[in-house]
Amino acid sequence: MNTEAIKAIYKAEMRRTRNTLLQSVAAPVISTALYFVVFGSAIGSRIESVSDVPYGAFIVPGLMMLSLLTQSISNASFGIFFPKFTGTIYEVMSAPISFFEIVVGYVGAAATKSLILGVLILITATFFVDLRIAHPFWMIAFFLLTCISFSLFGFIIGLWADNFEKLQLIPSLIITPLVFLGGSFYSVDMLPEFWQKISLMNPVLYLISGFRWSFFEVADVSVGVSLSMILLFLVACLGIVWMMFKTGYKLKP
Amino acid sequence: MNESKAIVSIKGLTKTYENGHQALKGINLDIREGEILALLGPNGAGKTTLISVICGLVSPSSGTVTVDGHDIIRDFRITREMIGLVPQELTLGAFERVGNTVAFSRGLFGKSPNEAYLDELLEELTLLDKKDSMVQQLSGGMKRRVLIAKALSHEPRVLFLDEPTAGVDVELRKDMWKIVERLRQSGVTIILTTHYIEEAEEIADRVGVISGGELLELEDKQTLMEKLGKKQLVIELKNPVDSIPAQLTDYGLELSDTGAKLTYTFDARQERTGMTRLLSSLSEAGLQVKDLNTRQSSLEDIFVDIVKADA
Ligand SMILES: Nc1ncnc2c1ncn2[C@@H]1O[C@H](COP(=O)(O)OP(=O)(O)OP(=O)(O)O)[C@@H](O)[C@H]1O
Ligand SMILES: [Mg+2]
């Protein structure tokens with residue numbers, strides 16, 4: 001195990017975040033604050049509470065997920081795409097380091113960034129609403145699993161993408177709609193029956209539902225199902241990464 | 001120098017790229033520990049491909065490569081730690097500082113931090129005052145120095161320099177040869193590719209000529225030049241002549257502008273150089289010789305010959 005290499009990659013990636021602090025951290029925090037103002041105040045004045053949870057607090061887990069998912073993916077995908085794009089990946093490829101260690105370095109750094117971001121959003125949220133966390137252990141578990149699995153997913157996208165368009169494609173075309181339609185800002189039973197059924201096909205719904213349960217003990221689907229879904233997603237990502245590793249996917253001619 | 005020990009051993013190496021292009025056609029090559037080997041070849045010869053396979057950047061189609069007896073695929077951790085690579089292209093990340101990026105390379109190759117060593121290295125490459133500069137603000141030559149520092153950051157035993165002097169000024173070239181010399185003294189094996197023959201002539205111990213994916217020649221620089229070298233015999237005449245006498249037209253002589261020098265080019269590879277015959281023809285033509293001297297052709301001429309003969 002080349003731990004020096006993992007450390008080197010991790011540190012370089014974290015350094016990149018510091019250099020782009022405004023973009024990486026400040027921007028999501030500001031947009032979250034805006035969501036609170038717009039959704040929490042404007043809509044919250046009409047919808048007082050959902051399942052006995054004040055609307056402002058109700059949207060916090062969804063908002064966190066929205067940022068965690070998009071930021072994990074963009075951090076991790078950019079982290080590996082950029083060296084591919086500039087050609088500096090040659091150095092990583094010629095180093096005495098296995099694919100596993102490369103993944104740990106890049107995905108670890110991306111997940112760390114998401115964790116920091118999530119905590120910042122949580123702190124921001126406490127300025128707007130009263131928050132209680134019913135199941136801190138499960139909250140942290142969902143939080144961690146989400147950061148790691150979506151950073152992995154981002155890493156896969158970054159490896160797969162060979163241009164900037166592809167890099168943006170999945171996040172903007174798939175992830176953002178799924179998060180918005182996944183009950184970030186509402187409970188599914190507020191929807192007409194037909195759309196409820198459709199919503200149940202959205203994997204992100206399970207994630208948000210489980211995460212929200214850990215805060216308020218209200219959920220659209222059972223927590224066990226939520227947990228299984230996120231674990232399944234993690235295993236799928238690990239499987240894809242492992243396959244990419246086996247075939248030297250797109251990295252070696 | 002230990003001549004018998006191969007540090008890098010390449011056997012039957014071929015590489016066919018996905019598009020069907022065969023870039024390496026069965027390369028066999030033993031690189032000796034501690035030598036400086038220059039690989040000469042025209043554009044597209046396969047030099048970079050060969051280096052890339054050894055460094056793990058390109059998967060070989062068939063054949064084996066060992067470094068210090070370890071297979072580059074099975075024992076990649078051992079072999080890659082021993083190797084440093086300065087790539088042909090100026091590939092450097094944009095938002096990084098010189099010091100950081102060099103320390104990053106060292107870590108990547110599994111070595112624990114050693115700031116004193118890295119500072120020394122930067123000093124040698126006159127980069128120390130640029131340690132906190134962003135790499136994208138450096139000039140091309142400076143970037144090349146950073147790449148060299150990165151390649152040496154983990155104290156490799158084998159160093160590959162892929163066209164190190166492309167776009168480099170005299171100053172940096174000199175610095176580079178100083179470093180190469182220092183590395184050689186410390187026992188590092190150096191393989192460099194180049195288009196500039198003078199470079200190979202200046203610093204290499206052995207020269208390999210690659211063209212069309214094949215290793216056409218591999219010789220000690222001296223042997224290669226003797227074996228393949230065209231020689232020139234320069235004849236200084238006592239009394240200048242206006243034109244080459246009729247008896248001597250068959251020799252393909254060149255007459256200098258002053259009419260005082262005749263140059264005869266012959267192939268040192270041939271058993272009969274024709275020199276003796278020429279000399280007797282000279283006296284038959286009534287020309288008196290003041291001085292004779294032979295001259296070796298440069299590696300450049302040799303190289304052009306080999307590649308032409310192969311085409
Ligand atoms: N990734 C690739 N896919 C397909 N063909 C390639 C690839 N890389 C190189 N080639 C081809 O392989 C041949 C050898 O290329 P290589 O870069 O090894 O040559 P070289 O000797 O380094 O040339 P130069 O002196 O221009 O650097 C060339 O014909 C090149 O077009
Ligand atoms: Mg090349």
# chains A, B, ... in the order shown; residues from 1 in each chain; ligands from 1
>>> interface_residues(of="chain B", to="chain A", cutoff="6 Å", atoms="only C-alpha atoms", output="number ranges by chain")
B: 55-58, 77, 80-81, 91-92, 104, 107-110
>>> residues_near_ligand(ligand="ligand 2", cutoff="7 Å", atoms="only C-alpha atoms and all ligand atoms", output="PyMOL selection string")
chain B and resi 43-44+46-48+88+162
>>> residues_near_ligand(ligand="ligand 1", cutoff="10 Å", atoms="only C-alpha atoms and all ligand atoms", output="MDAnalysis selection string")
(chainID A and resid 252:253) or (chainID B and resid 15:24 39:53 58 88:89 162:163 193:195 210:213)
>>> write_last_selection(atoms="N, CA, C and O atoms", output="compact mmCIF listing (two decimals), in the first residue's frame")
# COMPACT_ATOMS: atom_id res chain seq x y z
N LYS A 252 -5.18 4.07 -20.35
CA LYS A 252 -3.98 3.55 -20.99
C LYS A 252 -4.27 3.12 -22.41
O LYS A 252 -5.13 2.29 -22.64
N PRO A 253 -3.54 3.66 -23.38
CA PRO A 253 -3.70 3.15 -24.73
C PRO A 253 -3.05 1.77 -24.87
O PRO A 253 -2.22 1.41 -24.07
N LYS B 15 3.96 -3.13 -29.87
CA LYS B 15 2.79 -2.36 -29.47
C LYS B 15 1.97 -2.01 -30.70
O LYS B 15 2.47 -1.40 -31.65
N THR B 16 0.74 -2.48 -30.70
CA THR B 16 -0.20 -2.08 -31.74
C THR B 16 -1.29 -1.26 -31.08
O THR B 16 -1.96 -1.74 -30.17
N TYR B 17 -1.43 -0.01 -31.50
CA TYR B 17 -2.47 0.84 -30.90
C TYR B 17 -3.85 0.40 -31.37
O TYR B 17 -3.98 -0.33 -32.35
N GLU B 18 -4.87 0.87 -30.65
CA GLU B 18 -6.23 0.45 -30.94
C GLU B 18 -6.65 0.73 -32.38
O GLU B 18 -7.44 -0.01 -32.95
N ASN B 19 -6.10 1.77 -32.96
CA ASN B 19 -6.45 2.09 -34.34
C ASN B 19 -5.73 1.20 -35.35
O ASN B 19 -5.82 1.40 -36.56
N GLY B 20 -5.00 0.22 -34.84
CA GLY B 20 -4.35 -0.75 -35.72
C GLY B 20 -2.92 -0.39 -36.08
O GLY B 20 -2.22 -1.18 -36.72
N HIS B 21 -2.48 0.78 -35.66
CA HIS B 21 -1.12 1.20 -36.00
C HIS B 21 -0.09 0.46 -35.14
O HIS B 21 -0.18 0.49 -33.92
N GLN B 22 0.85 -0.19 -35.81
CA GLN B 22 1.88 -0.89 -35.04
C GLN B 22 3.06 0.05 -34.83
O GLN B 22 3.83 0.33 -35.74
N ALA B 23 3.20 0.51 -33.59
CA ALA B 23 4.22 1.52 -33.28
C ALA B 23 5.55 0.88 -32.89
O ALA B 23 6.60 1.48 -33.07
N LEU B 24 5.51 -0.35 -32.34
CA LEU B 24 6.74 -1.07 -32.00
C LEU B 24 6.67 -2.46 -32.60
O LEU B 24 5.69 -3.17 -32.43
N LEU B 39 18.45 7.57 -27.77
CA LEU B 39 17.62 6.95 -28.79
C LEU B 39 17.32 7.99 -29.85
O LEU B 39 16.71 9.02 -29.57
N LEU B 40 17.82 7.70 -31.05
CA LEU B 40 17.62 8.63 -32.15
C LEU B 40 16.56 8.07 -33.07
O LEU B 40 16.48 6.87 -33.28
N GLY B 41 15.77 8.96 -33.62
CA GLY B 41 14.79 8.48 -34.58
C GLY B 41 13.94 9.61 -35.08
O GLY B 41 13.73 10.59 -34.35
N PRO B 42 13.43 9.49 -36.29
CA PRO B 42 12.59 10.56 -36.84
C PRO B 42 11.23 10.61 -36.15
O PRO B 42 10.92 9.74 -35.34
N ASN B 43 10.44 11.60 -36.46
CA ASN B 43 9.08 11.71 -35.91
C ASN B 43 8.31 10.44 -36.18
O ASN B 43 8.35 9.89 -37.28
N GLY B 44 7.60 9.98 -35.16
CA GLY B 44 6.76 8.80 -35.33
C GLY B 44 7.50 7.48 -35.33
O GLY B 44 6.95 6.43 -35.65
N ALA B 45 8.79 7.50 -34.96
CA ALA B 45 9.59 6.29 -34.98
C ALA B 45 9.15 5.28 -33.92
O ALA B 45 9.32 4.07 -34.08
N GLY B 46 8.58 5.80 -32.83
CA GLY B 46 8.16 4.92 -31.74
C GLY B 46 8.95 5.14 -30.46
O GLY B 46 8.83 4.35 -29.51
N LYS B 47 9.73 6.19 -30.40
CA LYS B 47 10.55 6.46 -29.22
C LYS B 47 9.70 6.68 -27.98
O LYS B 47 9.91 6.06 -26.94
N THR B 48 8.73 7.58 -28.11
CA THR B 48 7.87 7.87 -26.96
C THR B 48 7.06 6.64 -26.56
O THR B 48 6.87 6.37 -25.38
N THR B 49 6.61 5.90 -27.54
CA THR B 49 5.85 4.68 -27.24
C THR B 49 6.71 3.71 -26.43
O THR B 49 6.24 3.15 -25.43
N LEU B 50 7.95 3.54 -26.84
CA LEU B 50 8.85 2.63 -26.13
C LEU B 50 9.02 3.05 -24.67
O LEU B 50 8.87 2.25 -23.74
N ILE B 51 9.29 4.33 -24.48
CA ILE B 51 9.47 4.85 -23.13
C ILE B 51 8.18 4.70 -22.33
O ILE B 51 8.19 4.31 -21.16
N SER B 52 7.05 4.99 -22.98
CA SER B 52 5.77 4.92 -22.29
C SER B 52 5.46 3.51 -21.80
O SER B 52 4.86 3.34 -20.74
N VAL B 53 5.84 2.52 -22.58
CA VAL B 53 5.61 1.14 -22.14
C VAL B 53 6.43 0.86 -20.88
O VAL B 53 5.92 0.32 -19.90
N VAL B 58 1.65 2.99 -21.30
CA VAL B 58 1.04 2.32 -22.45
C VAL B 58 1.20 0.82 -22.20
O VAL B 58 2.26 0.37 -21.77
N GLN B 88 7.72 14.33 -23.02
CA GLN B 88 8.00 15.17 -24.18
C GLN B 88 7.20 16.47 -24.14
O GLN B 88 7.72 17.54 -24.42
N GLU B 89 5.93 16.33 -23.76
CA GLU B 89 5.06 17.50 -23.72
C GLU B 89 5.23 18.23 -22.39
O GLU B 89 5.52 17.63 -21.38
N ASP B 162 12.49 12.43 -22.45
CA ASP B 162 11.92 12.34 -23.79
C ASP B 162 12.06 13.70 -24.47
O ASP B 162 11.32 14.63 -24.16
N GLU B 163 12.99 13.78 -25.36
CA GLU B 163 13.32 15.04 -26.05
C GLU B 163 13.46 16.21 -25.08
O GLU B 163 12.70 17.17 -25.14
N THR B 193 15.78 10.60 -25.58
CA THR B 193 15.47 10.57 -27.00
C THR B 193 15.74 11.95 -27.54
O THR B 193 15.63 12.94 -26.82
N THR B 194 16.11 11.99 -28.77
CA THR B 194 16.41 13.29 -29.35
C THR B 194 16.38 13.24 -30.86
O THR B 194 16.50 12.18 -31.47
N HIS B 195 16.17 14.39 -31.44
CA HIS B 195 16.32 14.52 -32.89
C HIS B 195 17.69 15.12 -33.19
O HIS B 195 18.15 15.08 -34.31
N ILE B 210 16.17 4.23 -33.86
CA ILE B 210 14.84 3.65 -34.03
C ILE B 210 14.18 4.29 -35.23
O ILE B 210 14.25 5.51 -35.42
N SER B 211 13.57 3.45 -36.05
CA SER B 211 12.78 3.97 -37.14
C SER B 211 11.69 2.97 -37.48
O SER B 211 11.93 1.77 -37.47
N GLY B 212 10.50 3.47 -37.71
CA GLY B 212 9.39 2.59 -38.06
C GLY B 212 9.14 1.50 -37.03
O GLY B 212 8.76 0.39 -37.38
N GLY B 213 9.37 1.79 -35.77
CA GLY B 213 9.07 0.82 -34.72
C GLY B 213 10.12 -0.25 -34.55
O GLY B 213 9.91 -1.22 -33.81
>>> select_by_dssp(residues="region 81-166 of chain A", states="helix (DSSP H, G or I)", output="ChimeraX atom specification")
/A:81-86,89-93,99-126,136-160,164-166
>>> residues_around(residues="Leu29 (chain B)", least_positions_apart="4", cutoff="7 Å", atoms="only C-alpha atoms", output="list in words")
Ser9, Ile10 and Lys11 of chain B
>>> closest_residue(among="A:Ile59, A:Met244, A:Leu178, A:Leu68", to="Trp213 (chain A)", atoms="only C-alpha atoms")
A:Ile59
>>> closest_residue(among="A:Thr17, A:Ser187, A:Asn75, A:Ser226", to="Phe153 (chain A)", atoms="only C-alpha atoms")
A:Asn75
>>> residues_around(residues="Leu159 (chain B)", least_positions_apart="2", cutoff="9 Å", atoms="only C-alpha atoms", output="ChimeraX atom specification")
/B:82-86,151-152,156-157,161,188-192
>>> write_last_selection(atoms="all heavy atoms", output="CSV table (one decimal), in the first residue's frame")
chain,number,residue,atom,x,y,z
B,82,MET,N,11.7,3.0,-9.2
B,82,MET,CA,13.0,3.2,-9.7
B,82,MET,C,13.1,4.1,-10.9
B,82,MET,O,14.2,4.5,-11.2
B,82,MET,CB,13.7,1.8,-10.1
B,82,MET,CG,13.9,0.9,-8.9
B,82,MET,SD,14.9,-0.5,-9.5
B,82,MET,CE,13.6,-1.7,-10.0
B,83,ILE,N,12.0,4.4,-11.5
B,83,ILE,CA,12.0,5.2,-12.7
B,83,ILE,C,11.5,6.6,-12.6
B,83,ILE,O,10.6,6.9,-11.9
B,83,ILE,CB,11.1,4.4,-13.8
B,83,ILE,CG1,11.7,3.1,-14.1
B,83,ILE,CG2,10.9,5.3,-15.0
B,83,ILE,CD1,10.9,2.2,-15.0
B,84,GLY,N,12.2,7.5,-13.2
B,84,GLY,CA,11.7,8.9,-13.4
B,84,GLY,C,11.5,9.2,-14.8
B,84,GLY,O,12.3,8.8,-15.7
B,85,LEU,N,10.5,10.0,-15.1
B,85,LEU,CA,10.2,10.3,-16.5
B,85,LEU,C,10.0,11.8,-16.7
B,85,LEU,O,9.2,12.5,-16.0
B,85,LEU,CB,9.0,9.6,-17.0
B,85,LEU,CG,8.3,10.1,-18.3
B,85,LEU,CD1,9.2,9.8,-19.5
B,85,LEU,CD2,6.9,9.4,-18.4
B,86,VAL,N,10.7,12.4,-17.7
B,86,VAL,CA,10.5,13.8,-18.1
B,86,VAL,C,9.8,13.7,-19.4
B,86,VAL,O,10.4,13.3,-20.4
B,86,VAL,CB,11.8,14.6,-18.2
B,86,VAL,CG1,11.4,16.0,-18.7
B,86,VAL,CG2,12.5,14.6,-16.9
B,151,ALA,N,10.6,14.7,-12.0
B,151,ALA,CA,11.1,13.4,-12.3
B,151,ALA,C,12.2,12.9,-11.4
B,151,ALA,O,12.3,11.7,-11.2
B,151,ALA,CB,11.6,13.4,-13.8
B,152,LEU,N,12.9,13.9,-10.8
B,152,LEU,CA,14.0,13.5,-10.0
B,152,LEU,C,13.6,13.5,-8.5
B,152,LEU,O,14.4,13.2,-7.6
B,152,LEU,CB,15.2,14.4,-10.2
B,152,LEU,CG,15.9,14.3,-11.5
B,152,LEU,CD1,17.0,15.4,-11.7
B,152,LEU,CD2,16.6,12.9,-11.7
B,156,PRO,N,15.2,8.6,-8.5
B,156,PRO,CA,15.1,7.4,-9.3
B,156,PRO,C,16.5,6.9,-9.7
B,156,PRO,O,17.5,7.6,-9.7
B,156,PRO,CB,14.4,7.9,-10.6
B,156,PRO,CG,14.7,9.3,-10.7
B,156,PRO,CD,14.8,9.8,-9.3
B,157,ARG,N,16.5,5.6,-10.1
B,157,ARG,CA,17.8,5.0,-10.5
B,157,ARG,C,17.9,5.0,-12.0
B,157,ARG,O,19.0,4.8,-12.6
B,157,ARG,CB,17.9,3.5,-10.0
B,157,ARG,CG,18.3,3.4,-8.6
B,157,ARG,CD,18.2,2.0,-8.1
B,157,ARG,NE,19.1,1.1,-8.9
B,157,ARG,CZ,19.1,-0.2,-8.8
B,157,ARG,NH1,18.2,-0.8,-8.1
B,157,ARG,NH2,19.9,-1.0,-9.5
B,161,LEU,N,14.5,10.8,-20.4
B,161,LEU,CA,14.3,12.2,-20.8
B,161,LEU,C,13.8,12.1,-22.3
B,161,LEU,O,14.5,11.8,-23.2
B,161,LEU,CB,15.6,12.9,-20.8
B,161,LEU,CG,16.3,13.1,-19.4
B,161,LEU,CD1,17.7,13.4,-19.6
B,161,LEU,CD2,15.6,14.2,-18.7
B,188,VAL,N,23.2,6.9,-11.8
B,188,VAL,CA,21.9,6.8,-12.4
B,188,VAL,C,22.0,6.5,-13.9
B,188,VAL,O,22.9,7.0,-14.6
B,188,VAL,CB,21.1,8.2,-12.3
B,188,VAL,CG1,19.8,8.2,-13.0
B,188,VAL,CG2,20.9,8.5,-10.8
B,189,THR,N,21.1,5.6,-14.4
B,189,THR,CA,21.1,5.3,-15.8
B,189,THR,C,20.2,6.3,-16.5
B,189,THR,O,19.1,6.6,-16.0
B,189,THR,CB,20.5,3.9,-16.0
B,189,THR,OG1,21.2,3.0,-15.2
B,189,THR,CG2,20.6,3.4,-17.4
B,190,ILE,N,20.6,6.8,-17.7
B,190,ILE,CA,19.8,7.8,-18.3
B,190,ILE,C,19.6,7.4,-19.8
B,190,ILE,O,20.5,7.0,-20.5
B,190,ILE,CB,20.6,9.2,-18.3
B,190,ILE,CG1,20.7,9.6,-16.8
B,190,ILE,CG2,19.8,10.2,-19.1
B,190,ILE,CD1,21.8,10.6,-16.6
B,191,ILE,N,18.3,7.5,-20.1
B,191,ILE,CA,17.9,7.2,-21.5
B,191,ILE,C,17.3,8.5,-22.0
B,191,ILE,O,16.3,9.0,-21.5
B,191,ILE,CB,16.9,6.1,-21.6
B,191,ILE,CG1,17.5,4.8,-21.1
B,191,ILE,CG2,16.4,5.9,-23.0
B,191,ILE,CD1,17.2,4.5,-19.6
B,192,LEU,N,17.8,9.0,-23.1
B,192,LEU,CA,17.2,10.2,-23.7
B,192,LEU,C,16.9,10.0,-25.2
B,192,LEU,O,17.6,9.3,-25.9
B,192,LEU,CB,18.1,11.4,-23.5
B,192,LEU,CG,19.4,11.5,-24.1
B,192,LEU,CD1,19.4,12.3,-25.3
B,192,LEU,CD2,20.4,12.0,-23.1
>>> atom_distance(atom1="CA of Asp71 (chain B)", atom2="CA of Val207 (chain B)")
24.5 Å
>>> atom_distance(atom1="CA of Ser61 (chain B)", atom2="CA of Pro164 (chain B)")
27.1 Å
>>> atom_distance(atom1="CA of Thr265 (chain B)", atom2="CA of Arg206 (chain B)")
25.4 Å
>>> residues_around(residues="Val235 (chain A)", least_positions_apart="2", cutoff="12 Å", atoms="only C-alpha atoms", output="list in words")
Leu145, Ile148, Ser149, Phe150, Leu152, Phe153, Ser228, Met229, Ile230, Leu231, Leu232, Phe233, Cys237, Leu238, Gly239, Ile240, Val241 and Trp242 of chain A
>>> residues_around(residues="region 124-141 of chain A", least_positions_apart="4", cutoff="9 Å", atoms="only C-alpha atoms", output="list of chain:residue names")
A:Val29, A:Thr32, A:Ala33, A:Phe36, A:Val37, A:Gly40, A:Pro54, A:Gly56, A:Ala57, A:Val60, A:Val119, A:Leu120, A:Leu145, A:Thr146, A:Gly210, A:Phe211, A:Arg212, A:Trp213, A:Ser214, A:Phe215, A:Phe216, A:Glu217
